[in-house]
$ cat final_26.pdb   # PDB, C-alpha atoms
ATOM      1  CA  MET Q 299      12.742 -42.087 -16.017
ATOM      2  CA  ASP Q 300      12.390 -44.576 -13.180
ATOM      3  CA  GLY Q 301       9.268 -45.238 -11.139
ATOM      4  CA  SER Q 302       5.641 -44.540 -11.948
ATOM      5  CA  GLU Q 303       5.262 -41.757 -14.460
ATOM      6  CA  HIS Q 304       3.103 -38.729 -13.910
ATOM      7  CA  ALA Q 305       1.201 -37.930 -17.105
ATOM      8  CA  GLU Q 306      -0.695 -34.792 -16.113
ATOM      9  CA  SER Q 307      -0.955 -32.447 -19.074
ATOM     10  CA  GLY Q 308       1.091 -29.280 -18.758
ATOM     11  CA  VAL Q 309       3.761 -30.707 -16.437
ATOM     12  CA  GLY Q 310       6.471 -30.286 -19.066
ATOM     13  CA  ALA Q 311       5.482 -26.692 -19.747
ATOM     14  CA  ARG Q 312       5.538 -25.926 -16.016
ATOM     15  CA  VAL Q 313       8.949 -27.525 -15.634
ATOM     16  CA  ARG Q 314      10.271 -25.347 -18.451
ATOM     17  CA  GLN Q 315       8.576 -22.259 -16.960
ATOM     18  CA  ALA Q 316      10.077 -22.862 -13.536
ATOM     19  CA  ARG Q 317      13.509 -23.625 -14.992
ATOM     20  CA  MET Q 318      13.579 -20.407 -17.012
ATOM     21  CA  ALA Q 319      12.287 -18.372 -14.082
ATOM     22  CA  ALA Q 320      15.129 -19.819 -11.994
ATOM     23  CA  GLY Q 321      17.621 -18.799 -14.662
ATOM     24  CA  LEU Q 322      18.947 -22.341 -15.151
ATOM     25  CA  SER Q 323      20.000 -23.923 -18.425
ATOM     26  CA  LEU Q 324      18.616 -27.253 -19.577
ATOM     27  CA  ARG Q 325      22.020 -28.883 -19.133
ATOM     28  CA  GLU Q 326      22.595 -27.495 -15.635
ATOM     29  CA  THR Q 327      19.146 -28.567 -14.455
ATOM     30  CA  ALA Q 328      19.605 -32.045 -15.923
ATOM     31  CA  GLN Q 329      22.927 -32.427 -14.109
ATOM     32  CA  ARG Q 330      21.349 -31.412 -10.795
ATOM     33  CA  ILE Q 331      18.614 -34.052 -11.003
ATOM     34  CA  ALA Q 332      20.906 -36.706 -12.523
ATOM     35  CA  VAL Q 333      19.297 -37.160 -15.945
ATOM     36  CA  SER Q 334      20.520 -36.438 -19.458
ATOM     37  CA  PRO Q 335      19.686 -33.103 -21.130
ATOM     38  CA  ALA Q 336      17.858 -35.074 -23.831
ATOM     39  CA  THR Q 337      15.619 -36.711 -21.238
ATOM     40  CA  LEU Q 338      14.814 -33.406 -19.555
ATOM     41  CA  SER Q 339      14.087 -31.873 -22.959
ATOM     42  CA  ALA Q 340      11.667 -34.715 -23.679
ATOM     43  CA  VAL Q 341       9.905 -34.030 -20.369
ATOM     44  CA  GLU Q 342       9.582 -30.330 -21.127
ATOM     45  CA  ASN Q 343       8.211 -31.053 -24.577
ATOM     46  CA  GLY Q 344       5.658 -33.525 -23.243
ATOM     47  CA  LYS Q 345       7.235 -36.506 -24.996
ATOM     48  CA  THR Q 346       7.810 -38.506 -21.819
ATOM     49  CA  GLY Q 347       6.410 -38.656 -18.337
ATOM     50  CA  VAL Q 348       8.183 -37.905 -15.085
ATOM     51  CA  SER Q 349       8.171 -39.945 -11.882
ATOM     52  CA  ILE Q 350       7.130 -38.520  -8.524
ATOM     53  CA  PRO Q 351      10.709 -38.823  -7.142
ATOM     54  CA  ARG Q 352      11.979 -36.828 -10.130
ATOM     55  CA  LEU Q 353       9.218 -34.277  -9.638
ATOM     56  CA  ARG Q 354      10.383 -33.809  -6.060
ATOM     57  CA  ALA Q 355      13.958 -33.339  -7.272
ATOM     58  CA  LEU Q 356      12.828 -30.843  -9.907
ATOM     59  CA  ALA Q 357      10.727 -28.903  -7.406
ATOM     60  CA  SER Q 358      13.665 -28.667  -4.999
ATOM     61  CA  THR Q 359      16.090 -27.641  -7.743
ATOM     62  CA  LEU Q 360      13.769 -25.055  -9.288
ATOM     63  CA  GLY Q 361      12.523 -23.532  -6.061
ATOM     64  CA  THR Q 362       8.860 -24.518  -6.456
ATOM     65  CA  THR Q 363       6.544 -27.330  -5.304
ATOM     66  CA  VAL Q 364       5.351 -30.625  -6.751
ATOM     67  CA  SER Q 365       1.776 -29.361  -6.400
ATOM     68  CA  TRP Q 366       2.548 -26.433  -8.657
ATOM     69  CA  LEU Q 367       4.419 -28.529 -11.202
ATOM     70  CA  ILE Q 368       1.433 -30.842 -11.614
ATOM     71  CA  GLY Q 369      -1.037 -27.956 -11.774
ATOM     72  CA  GLU Q 370      -2.754 -28.349  -8.421
ATOM     73  CA  GLN Q 371      -2.011 -24.850  -7.147
ATOM     74  CA  GLU Q 372      -1.387 -21.333  -8.427
ATOM     75  CA  PRO Q 373       2.277 -20.292  -8.416
ATOM     76  CA  ASP Q 374       3.362 -18.018  -5.616
ATOM     77  CA  VAL Q 375       5.465 -14.939  -6.132
ATOM     78  CA  GLY Q 376       8.647 -17.016  -5.884
ATOM     79  CA  ALA Q 377       7.698 -19.069  -8.934
ATOM     80  CA  THR Q 378       8.552 -16.204 -11.255
ATOM     81  CA  ARG Q 379      11.566 -14.636  -9.586
ATOM     82  CA  SER Q 380      15.204 -15.520  -9.842
ATOM     83  CA  PRO Q 381      16.997 -17.352  -7.017
ATOM     84  CA  ALA Q 382      18.632 -14.081  -5.971
ATOM     85  CA  ARG Q 383      15.188 -12.545  -5.429
ATOM     86  CA  ARG Q 384      13.669 -15.380  -3.401
ATOM     87  CA  GLY Q 385      13.459 -14.592   0.283
ATOM     88  CA  ALA Q 386      13.852 -10.865  -0.365
ATOM     89  CA  GLY Q 387      10.938 -10.150   1.958
ATOM     90  CA  PRO Q 388       7.315 -11.063   2.572
ATOM     91  CA  GLY Q 389       5.023 -10.774  -0.400
ATOM     92  CA  PRO Q 390       1.671  -8.979  -0.330
ATOM     93  CA  ASP Q 391      -1.327 -10.683   1.200
ATOM     94  CA  ILE Q 392      -2.963 -11.628  -2.078
ATOM     95  CA  ASP Q 393      -5.884 -13.251  -0.252
ATOM     96  CA  THR Q 394      -7.085  -9.857   0.986
ATOM     97  CA  PRO Q 395     -10.117  -8.828  -1.106
ATOM     98  CA  HIS Q 396      -9.180  -6.399  -3.868
ATOM     99  CA  ALA Q 397      -5.511  -6.355  -2.734
ATOM    100  CA  TRP Q 398      -4.493  -6.235  -6.393
ATOM    101  CA  ARG Q 399      -6.102  -2.792  -6.678
ATOM    102  CA  LYS Q 400      -4.088  -1.307  -3.819
ATOM    103  CA  PHE Q 401      -0.655   0.239  -4.357
ATOM    104  CA  PRO Q 402       1.203   1.048  -1.145
ATOM    105  CA  PRO Q 403       4.673   2.565  -1.472
ATOM    106  CA  LEU Q 404       7.347   0.092  -2.532
ATOM    107  CA  ASP Q 405       9.605  -1.173   0.239
ATOM    108  CA  ILE Q 406      12.952  -1.085  -1.560
ATOM    109  CA  ASP Q 407      16.449  -0.135  -0.529
ATOM    110  CA  PRO Q 408      17.865   3.336  -1.323
ATOM    111  CA  VAL Q 409      20.305   2.053  -3.952
ATOM    112  CA  LEU Q 410      17.623   0.291  -5.964
ATOM    113  CA  GLY Q 411      15.338   3.296  -5.610
ATOM    114  CA  ALA Q 412      18.099   5.572  -6.897
ATOM    115  CA  ALA Q 413      18.798   3.212  -9.792
ATOM    116  CA  ILE Q 414      15.139   3.150 -10.813
ATOM    117  CA  ASP Q 415      15.011   6.957 -10.792
ATOM    118  CA  SER Q 416      18.247   7.122 -12.788
ATOM    119  CA  PHE Q 417      17.096   4.607 -15.409
ATOM    120  CA  VAL Q 418      13.884   6.585 -15.914
ATOM    121  CA  GLU Q 419      15.665   9.932 -16.107
ATOM    122  CA  THR Q 420      18.750   9.099 -18.180
ATOM    123  CA  GLY Q 421      18.205   5.544 -19.408
ATOM    124  CA  TYR Q 422      20.236   2.507 -18.444
ATOM    125  CA  HIS Q 423      23.234   3.449 -20.566
ATOM    126  CA  GLY Q 424      23.189   7.041 -19.362
ATOM    127  CA  ALA Q 425      23.258   6.048 -15.705
ATOM    128  CA  THR Q 426      26.515   5.159 -13.944
ATOM    129  CA  MET Q 427      27.220   3.522 -10.625
ATOM    130  CA  ARG Q 428      28.707   6.852  -9.533
ATOM    131  CA  SER Q 429      25.558   8.805 -10.422
ATOM    132  CA  ILE Q 430      23.393   6.177  -8.715
ATOM    133  CA  ALA Q 431      25.568   6.369  -5.591
ATOM    134  CA  ARG Q 432      25.293  10.150  -5.553
ATOM    135  CA  ARG Q 433      21.501   9.979  -5.905
ATOM    136  CA  ALA Q 434      21.329   7.397  -3.087
ATOM    137  CA  GLY Q 435      23.558   9.520  -0.824
ATOM    138  CA  MET Q 436      26.186   6.798  -0.621
ATOM    139  CA  SER Q 437      29.770   6.243  -1.636
ATOM    140  CA  VAL Q 438      30.527   4.247  -4.768
ATOM    141  CA  PRO Q 439      32.181   1.446  -2.726
ATOM    142  CA  GLY Q 440      29.056   1.427  -0.548
ATOM    143  CA  VAL Q 441      26.878   0.799  -3.610
ATOM    144  CA  TYR Q 442      29.163  -1.990  -4.796
ATOM    145  CA  HIS Q 443      28.830  -3.583  -1.369
ATOM    146  CA  HIS Q 444      25.135  -4.174  -2.137
ATOM    147  CA  TYR Q 445      25.140  -4.653  -5.931
ATOM    148  CA  ARG Q 446      27.957  -6.009  -8.052
ATOM    149  CA  ASP Q 447      27.146  -3.916 -11.128
ATOM    150  CA  LYS Q 448      24.536  -1.886 -12.989
ATOM    151  CA  GLN Q 449      23.162  -4.981 -14.724
ATOM    152  CA  GLU Q 450      22.212  -6.483 -11.368
ATOM    153  CA  LEU Q 451      20.306  -3.316 -10.498
ATOM    154  CA  LEU Q 452      18.381  -3.456 -13.771
ATOM    155  CA  VAL Q 453      17.582  -7.140 -13.262
ATOM    156  CA  ARG Q 454      16.413  -6.450  -9.699
ATOM    157  CA  ALA Q 455      14.086  -3.697 -10.955
ATOM    158  CA  LEU Q 456      12.632  -5.957 -13.643
ATOM    159  CA  ASP Q 457      12.250  -8.890 -11.229
ATOM    160  CA  LEU Q 458      10.380  -6.552  -8.900
ATOM    161  CA  THR Q 459       8.125  -5.591 -11.800
ATOM    162  CA  MET Q 460       7.400  -9.151 -12.880
ATOM    163  CA  ASP Q 461       6.848 -10.413  -9.324
ATOM    164  CA  GLU Q 462       4.220  -7.753  -8.749
ATOM    165  CA  LEU Q 463       2.551  -8.141 -12.135
ATOM    166  CA  HIS Q 464       2.209 -11.903 -11.710
ATOM    167  CA  TRP Q 465       0.525 -11.839  -8.331
ATOM    168  CA  ARG Q 466      -1.751  -8.928  -9.261
ATOM    169  CA  VAL Q 467      -2.921 -10.474 -12.539
ATOM    170  CA  ARG Q 468      -3.537 -13.869 -10.963
ATOM    171  CA  ALA Q 469      -5.406 -12.363  -8.004
ATOM    172  CA  ALA Q 470      -7.534 -10.283 -10.383
ATOM    173  CA  ARG Q 471      -8.479 -13.287 -12.510
ATOM    174  CA  ARG Q 472      -9.674 -15.206  -9.485
ATOM    175  CA  GLU Q 473     -12.362 -12.595  -8.865
ATOM    176  CA  ALA Q 474     -14.199 -13.441 -12.112
ATOM    177  CA  ASP Q 475     -15.940 -16.642 -13.157
ATOM    178  CA  THR Q 476     -16.484 -15.953 -16.873
ATOM    179  CA  GLY Q 477     -14.139 -15.411 -19.805
ATOM    180  CA  PRO Q 478     -15.227 -11.786 -20.377
ATOM    181  CA  GLY Q 479     -14.964 -11.106 -16.662
ATOM    182  CA  ARG Q 480     -11.417 -12.459 -16.504
ATOM    183  CA  VAL Q 481     -10.374 -10.430 -19.549
ATOM    184  CA  ALA Q 482     -11.733  -7.303 -17.897
ATOM    185  CA  ARG Q 483      -9.964  -8.058 -14.607
ATOM    186  CA  VAL Q 484      -6.628  -8.787 -16.281
ATOM    187  CA  VAL Q 485      -6.813  -5.539 -18.247
ATOM    188  CA  GLU Q 486      -7.719  -3.626 -15.092
ATOM    189  CA  ALA Q 487      -4.751  -5.140 -13.255
ATOM    190  CA  LEU Q 488      -2.357  -4.325 -16.098
ATOM    191  CA  ALA Q 489      -3.645  -0.775 -16.479
ATOM    192  CA  LEU Q 490      -3.511  -0.095 -12.751
ATOM    193  CA  PHE Q 491       0.074  -1.350 -12.514
ATOM    194  CA  HIS Q 492       1.247   0.620 -15.541
ATOM    195  CA  THR Q 493      -0.171   3.845 -14.085
ATOM    196  CA  HIS Q 494       0.453   3.465 -10.335
ATOM    197  CA  ARG Q 495       3.914   1.918 -10.923
ATOM    198  CA  ARG Q 496       4.710   4.051 -13.937
ATOM    199  CA  GLU Q 497       8.469   4.212 -13.305
ATOM    200  CA  LEU Q 498       8.928   0.451 -13.076
ATOM    201  CA  ALA Q 499       6.639  -0.087 -16.062
ATOM    202  CA  PHE Q 500       8.587   2.471 -18.092
ATOM    203  CA  ILE Q 501      11.853   0.649 -17.425
ATOM    204  CA  GLY Q 502      10.239  -2.649 -18.369
ATOM    205  CA  ALA Q 503       9.082  -1.215 -21.680
ATOM    206  CA  SER Q 504      12.304   0.577 -22.584
ATOM    207  CA  GLU Q 505      15.240  -1.375 -21.171
ATOM    208  CA  MET Q 506      14.723  -5.018 -22.147
ATOM    209  CA  ARG Q 507      17.357  -4.428 -24.829
ATOM    210  CA  SER Q 508      19.877  -3.561 -22.089
ATOM    211  CA  LEU Q 509      19.706  -6.975 -20.431
ATOM    212  CA  ASN Q 510      22.369  -9.561 -21.128
ATOM    213  CA  PRO Q 511      21.112 -12.552 -23.163
ATOM    214  CA  ASP Q 512      20.426 -14.887 -20.227
ATOM    215  CA  ASN Q 513      18.559 -12.268 -18.232
ATOM    216  CA  ARG Q 514      16.603 -11.146 -21.280
ATOM    217  CA  LEU Q 515      15.544 -14.727 -21.984
ATOM    218  CA  ARG Q 516      14.317 -15.232 -18.417
ATOM    219  CA  ILE Q 517      12.411 -11.939 -18.160
ATOM    220  CA  THR Q 518      10.904 -12.468 -21.611
ATOM    221  CA  ALA Q 519       9.670 -15.901 -20.536
ATOM    222  CA  SER Q 520       8.046 -14.356 -17.475
ATOM    223  CA  ARG Q 521       6.339 -11.703 -19.609
ATOM    224  CA  ASN Q 522       5.132 -14.364 -22.019
ATOM    225  CA  MET Q 523       3.445 -16.227 -19.165
ATOM    226  CA  LEU Q 524       1.217 -13.201 -18.571
ATOM    227  CA  GLN Q 525       0.419 -12.893 -22.268
ATOM    228  CA  TYR Q 526      -0.570 -16.560 -22.351
ATOM    229  CA  LEU Q 527      -2.932 -16.044 -19.417
ATOM    230  CA  LEU Q 528      -4.585 -13.164 -21.262
ATOM    231  CA  ASP Q 529      -4.756 -15.244 -24.442
ATOM    232  CA  ASP Q 530      -6.465 -18.076 -22.549
ATOM    233  CA  ASP Q 531      -9.046 -15.690 -21.108
ATOM    234  CA  ILE Q 532      -9.675 -14.158 -24.520
ATOM    235  CA  ASP Q 533     -10.207 -17.632 -25.978
ATOM    236  CA  ALA Q 534     -12.720 -18.371 -23.233
ATOM    237  CA  ALA Q 535     -14.493 -15.047 -23.733
ATOM    238  CA  VAL Q 536     -14.985 -15.394 -27.484
ATOM    239  CA  SER Q 537     -15.996 -19.030 -27.064
ATOM    240  CA  GLU Q 538     -18.616 -18.188 -24.438
ATOM    241  CA  GLU Q 539     -19.986 -15.446 -26.691
ATOM    242  CA  ASN Q 540     -19.878 -17.662 -29.814
ATOM    243  CA  LEU Q 541     -17.667 -15.156 -31.603
ATOM    244  CA  PRO Q 542     -15.095 -15.745 -34.392
ATOM    245  CA  THR Q 543     -11.636 -16.694 -33.098
ATOM    246  CA  ARG Q 544      -9.649 -15.794 -36.196
ATOM    247  CA  HIS Q 545      -8.173 -12.567 -34.817
ATOM    248  CA  ALA Q 546      -8.075 -13.509 -31.133
ATOM    249  CA  ARG Q 547      -4.259 -13.634 -30.919
ATOM    250  CA  ILE Q 548      -3.870 -10.285 -32.672
ATOM    251  CA  ALA Q 549      -6.430  -8.789 -30.315
ATOM    252  CA  GLY Q 550      -4.536 -10.187 -27.349
ATOM    253  CA  ARG Q 551      -1.323  -8.473 -28.420
ATOM    254  CA  ALA Q 552      -3.163  -5.227 -29.129
ATOM    255  CA  ILE Q 553      -4.798  -5.261 -25.700
ATOM    256  CA  ALA Q 554      -1.524  -5.978 -23.906
ATOM    257  CA  THR Q 555       0.296  -3.258 -25.860
ATOM    258  CA  MET Q 556      -2.482  -0.808 -25.058
ATOM    259  CA  CYS Q 557      -1.712  -1.335 -21.375
ATOM    260  CA  THR Q 558       2.093  -1.451 -21.566
ATOM    261  CA  SER Q 559       2.177   1.846 -23.481
ATOM    262  CA  LEU Q 560       0.455   3.734 -20.651
ATOM    263  CA  PRO Q 561       3.734   4.922 -19.022
ATOM    264  CA  GLN Q 562       4.540   6.829 -22.208
ATOM    265  CA  TRP Q 563       1.737   9.325 -21.650
ATOM    266  CA  PHE Q 564      -0.056   8.834 -18.333
ATOM    267  CA  ARG Q 565       0.821  11.120 -15.435
ATOM    268  CA  LEU Q 566      -0.523  10.940 -11.903
ATOM    269  CA  GLY Q 567      -2.415  14.074 -10.940
ATOM    270  CA  GLY Q 568      -3.980  14.535 -14.357
ATOM    271  CA  ALA Q 569      -7.659  14.754 -15.241
ATOM    272  CA  GLU Q 570      -8.116  10.970 -15.055
ATOM    273  CA  THR Q 571      -7.082   8.658 -12.245
ATOM    274  CA  PRO Q 572      -5.513   5.214 -12.697
ATOM    275  CA  GLU Q 573      -8.884   3.749 -11.710
ATOM    276  CA  ASP Q 574     -10.642   5.765 -14.441
ATOM    277  CA  ILE Q 575      -8.136   4.505 -17.011
ATOM    278  CA  ALA Q 576      -8.417   0.893 -15.814
ATOM    279  CA  THR Q 577     -12.205   0.918 -16.118
ATOM    280  CA  GLU Q 578     -12.143   2.456 -19.572
ATOM    281  CA  TYR Q 579      -9.437   0.094 -20.799
ATOM    282  CA  ALA Q 580     -11.486  -2.888 -19.651
ATOM    283  CA  HIS Q 581     -14.380  -1.533 -21.752
ATOM    284  CA  PHE Q 582     -12.053  -0.971 -24.720
ATOM    285  CA  ALA Q 583     -10.691  -4.535 -24.498
ATOM    286  CA  LEU Q 584     -14.126  -6.126 -24.482
ATOM    287  CA  GLY Q 585     -15.201  -3.862 -27.331
ATOM    288  CA  LEU Q 586     -12.174  -4.864 -29.386
ATOM    289  CA  LEU Q 587     -13.146  -8.499 -28.959
ATOM    290  CA  GLY Q 588     -16.757  -7.784 -29.867
ATOM    291  CA  VAL Q 589     -17.866  -9.058 -26.464
ATOM    292  CA  ARG Q 590     -20.980  -7.543 -24.953
ATOM    293  CA  ASP Q 591     -19.978  -5.531 -21.895
ATOM    294  CA  ARG Q 592     -22.241  -6.563 -19.035
ATOM    295  CA  GLY Q 593     -20.480  -4.409 -16.496
ATOM    296  CA  ALA Q 594     -17.400  -6.616 -16.286
ATOM    297  CA  GLY Q 595     -15.130  -3.586 -16.362
ATOM    298  CA  ASN Q 596     -17.004  -1.430 -13.857
ATOM    299  CA  SER Q 597     -15.095  -2.553 -10.827
ATOM    300  CA  SER Q 598     -11.829  -0.666 -10.555
ATOM    301  CA  ARG Q 599     -13.084   0.738  -7.282
ATOM    302  CA  PRO Q 600     -13.954  -1.857  -4.647
TER     303      PRO Q 600
END
$ encode --input "final_26.pdb" --output "structure tokens"
Amino acid sequence: MDGSEHAESGVGARVRQARMAAGLSLRETAQRIAVSPATLSAVENGKTGVSIPRLRALASTLGTTVSWLIGEQEPDVGATRSPARRGAGPGPDIDTPHAWRKFPPLDIDPVLGAAIDSFVETGYHGATMRSIARRAGMSVPGVYHHYRDKQELLVRALDLTMDELHWRVRAARREADTGPGRVARVVEALALFHTHRRELAFIGASEMRSLNPDNRLRITASRNMLQYLLDDDIDAAVSEENLPTRHARIAGRAIATMCTSLPQWFRLGGAETPEDIATEYAHFALGLLGVRDRGAGNSSRP
């Protein structure tokens, strides 16, 4: 590529992350910034650098910033949503202390709300645009005026899920300055989401198979980003505690699955609150890693 090359580590991975979050193919992105697919692939794989002018072009094309691509800032909510979701409304004020522990009602339109209820009750394949329209109190043509098909409704629900999970997990991590503390905060954030937003979490766990290939690839990439954050915090935790790292990846998957399975059994109004579950799960996660719990998980209530 022309010009001075930027060699910051991780740039290629961030370019790939932003491209997949935007739902763009390698070839389409390369065409938009006027390079060959092979060159863009080399950038994403860290085999070549990228000039500042190209970084600006990539940032514009992928809906992010140069600062984020070079690792100088945390991604905002838009960095993990599709182009159709960007500008859908103001995101939460993630700078408010403990905002990630607060769950106000979702501000969504009646059609999407009806679709979410339908997917939970009958499954994606059991729901129809007619049944969704009836639940929303609208005509079928009225529903099609807002959403082109049932797949778009499912994608919108999953984008909503991933947007919220990303900002909550990242805000939670920032409140801790040790590996064990970050693990505990991430687990708290995941457990709170999967109990307070049980319906969205249930759809995320059960309907990935119903996405078309391109949408499934993009949502899977977004989910993997969260797993990688947890993996990094687990690595830091076991390193700080001088513990064996042999089973760290297995533990990371077990901890994540422990949280994502909550919608299968948790019900609001039961004997334990989401905050009770989040605190206990943070303890469980640290115990699974063999990390001494110094109160890192005792903070689900501000």
$ resolve_selection --input "final_26.pdb" --expression "the PyMOL selection byres ((chain Q and resi 345-353) around 12)" --output "JSON list (two decimals) with C-alpha atoms, in the frame of the given file"
[["chain", "number", "residue", "atom", "x", "y", "z"],
["Q", 299, "MET", "CA", 12.74, -42.09, -16.02],
["Q", 300, "ASP", "CA", 12.39, -44.58, -13.18],
["Q", 301, "GLY", "CA", 9.27, -45.24, -11.14],
["Q", 302, "SER", "CA", 5.64, -44.54, -11.95],
["Q", 303, "GLU", "CA", 5.26, -41.76, -14.46],
["Q", 304, "HIS", "CA", 3.10, -38.73, -13.91],
["Q", 305, "ALA", "CA", 1.20, -37.93, -17.10],
["Q", 306, "GLU", "CA", -0.70, -34.79, -16.11],
["Q", 307, "SER", "CA", -0.96, -32.45, -19.07],
["Q", 308, "GLY", "CA", 1.09, -29.28, -18.76],
["Q", 309, "VAL", "CA", 3.76, -30.71, -16.44],
["Q", 310, "GLY", "CA", 6.47, -30.29, -19.07],
["Q", 311, "ALA", "CA", 5.48, -26.69, -19.75],
["Q", 312, "ARG", "CA", 5.54, -25.93, -16.02],
["Q", 313, "VAL", "CA", 8.95, -27.52, -15.63],
["Q", 327, "THR", "CA", 19.15, -28.57, -14.46],
["Q", 328, "ALA", "CA", 19.60, -32.04, -15.92],
["Q", 330, "ARG", "CA", 21.35, -31.41, -10.80],
["Q", 331, "ILE", "CA", 18.61, -34.05, -11.00],
["Q", 332, "ALA", "CA", 20.91, -36.71, -12.52],
["Q", 333, "VAL", "CA", 19.30, -37.16, -15.94],
["Q", 336, "ALA", "CA", 17.86, -35.07, -23.83],
["Q", 337, "THR", "CA", 15.62, -36.71, -21.24],
["Q", 338, "LEU", "CA", 14.81, -33.41, -19.56],
["Q", 339, "SER", "CA", 14.09, -31.87, -22.96],
["Q", 340, "ALA", "CA", 11.67, -34.72, -23.68],
["Q", 341, "VAL", "CA", 9.90, -34.03, -20.37],
["Q", 342, "GLU", "CA", 9.58, -30.33, -21.13],
["Q", 343, "ASN", "CA", 8.21, -31.05, -24.58],
["Q", 344, "GLY", "CA", 5.66, -33.52, -23.24],
["Q", 354, "ARG", "CA", 10.38, -33.81, -6.06],
["Q", 355, "ALA", "CA", 13.96, -33.34, -7.27],
["Q", 356, "LEU", "CA", 12.83, -30.84, -9.91],
["Q", 357, "ALA", "CA", 10.73, -28.90, -7.41],
["Q", 358, "SER", "CA", 13.66, -28.67, -5.00],
["Q", 359, "THR", "CA", 16.09, -27.64, -7.74],
["Q", 360, "LEU", "CA", 13.77, -25.06, -9.29],
["Q", 361, "GLY", "CA", 12.52, -23.53, -6.06],
["Q", 362, "THR", "CA", 8.86, -24.52, -6.46],
["Q", 363, "THR", "CA", 6.54, -27.33, -5.30],
["Q", 364, "VAL", "CA", 5.35, -30.62, -6.75],
["Q", 365, "SER", "CA", 1.78, -29.36, -6.40],
["Q", 366, "TRP", "CA", 2.55, -26.43, -8.66],
["Q", 367, "LEU", "CA", 4.42, -28.53, -11.20],
["Q", 368, "ILE", "CA", 1.43, -30.84, -11.61]]
$ residues_around --input "final_26.pdb" --residues "Asp512 (chain Q)" --least-positions-apart "2" --cutoff "10 Å" --atoms "all atoms listed in the file" --output "number ranges by chain"
Q: 318, 321-323, 509-510, 514-518
$ resolve_selection --input "final_26.pdb" --expression "the PyMOL selection byres ((chain Q and resi 582) around 10)" --output "list in words"
Ala482, Val485, Ile553, Met556, Ala576, Thr577, Glu578, Tyr579, Ala580, His581, Ala583, Leu584, Gly585, Leu586, Leu587, Gly588, Asp591 and Gly595 of chain Q
$ atom_distance --input "final_26.pdb" --atom1 "CA of Ser437 (chain Q)" --atom2 "CA of Val418 (chain Q)"
21.4 Å
$ atom_distance --input "final_26.pdb" --atom1 "CA of Met436 (chain Q)" --atom2 "CA of Ser416 (chain Q)"
14.5 Å
$ closest_residue --input "final_26.pdb" --among "Q:Glu462, Q:Glu450, Q:Asp457, Q:Asp531" --to "Arg480 (chain Q)" --atoms "only C-alpha atoms"
Q:Asp531
$ axis_aligned_box --input "final_26.pdb" --around "region 475-490 of chain Q" --padding-each-side "3 Å" --output "lines of an AutoDock Vina configuration file"
center_x = -9.4
center_y = -8.4
center_z = -16.6
size_x = 20.1
size_y = 22.5
size_z = 13.6
$ closest_residue --input "final_26.pdb" --among "Q:Val409, Q:Leu488, Q:Ala425, Q:Leu524" --to "Pro572 (chain Q)" --atoms "only C-alpha atoms"
Q:Leu488
$ resolve_selection --input "final_26.pdb" --expression "the PyMOL selection byres ((chain Q and resi 549) around 9)" --output "PyMOL selection string"
chain Q and resi 529+532+545-548+550-554+583+586-587
$ residues_around --input "final_26.pdb" --residues "Trp563 (chain Q)" --least-positions-apart "3" --cutoff "10 Å" --atoms "only C-alpha atoms" --output "MDAnalysis selection string"
chainID Q and resid 493 496 559:560
$ closest_residue --input "final_26.pdb" --among "Q:Phe491, Q:Thr420, Q:Asn540, Q:Ala534" --to "Asp461 (chain Q)" --atoms "all atoms listed in the file"
Q:Phe491
$ atom_distance --input "final_26.pdb" --atom1 "CA of Glu497 (chain Q)" --atom2 "CA of Asp415 (chain Q)"
7.5 Å
$ residues_around --input "final_26.pdb" --residues "Ala434 (chain Q)" --least-positions-apart "4" --cutoff "10 Å" --atoms "all atoms listed in the file" --output "list in words"
Asp407, Pro408, Val409, Leu410, Gly411, Ala412, Ala413, Asp415, Arg428, Ser429, Ile430, Val438 and Val441 of chain Q
$ closest_residue --input "final_26.pdb" --among "Q:His396, Q:Pro403, Q:Thr543, Q:Ser520" --to "Ala474 (chain Q)" --atoms "all atoms listed in the file"
Q:His396
$ residues_near_point --input "final_26.pdb" --point "(6.5, -9.5, -14.9)" --cutoff "12 Å" --atoms "all atoms listed in the file" --output "ChimeraX atom specification"
/Q:319,375-380,453-468,488,491-492,498-499,501-503,506,516-525,558
$ closest_residue --input "final_26.pdb" --among "Q:Ala431, Q:Leu490, Q:Leu541, Q:Leu324" --to "Thr571 (chain Q)" --atoms "all atoms listed in the file"
Q:Leu490
$ closest_residue --input "final_26.pdb" --among "Q:Arg483, Q:His494, Q:Arg544, Q:Arg590" --to "Pro561 (chain Q)" --atoms "only C-alpha atoms"
Q:His494
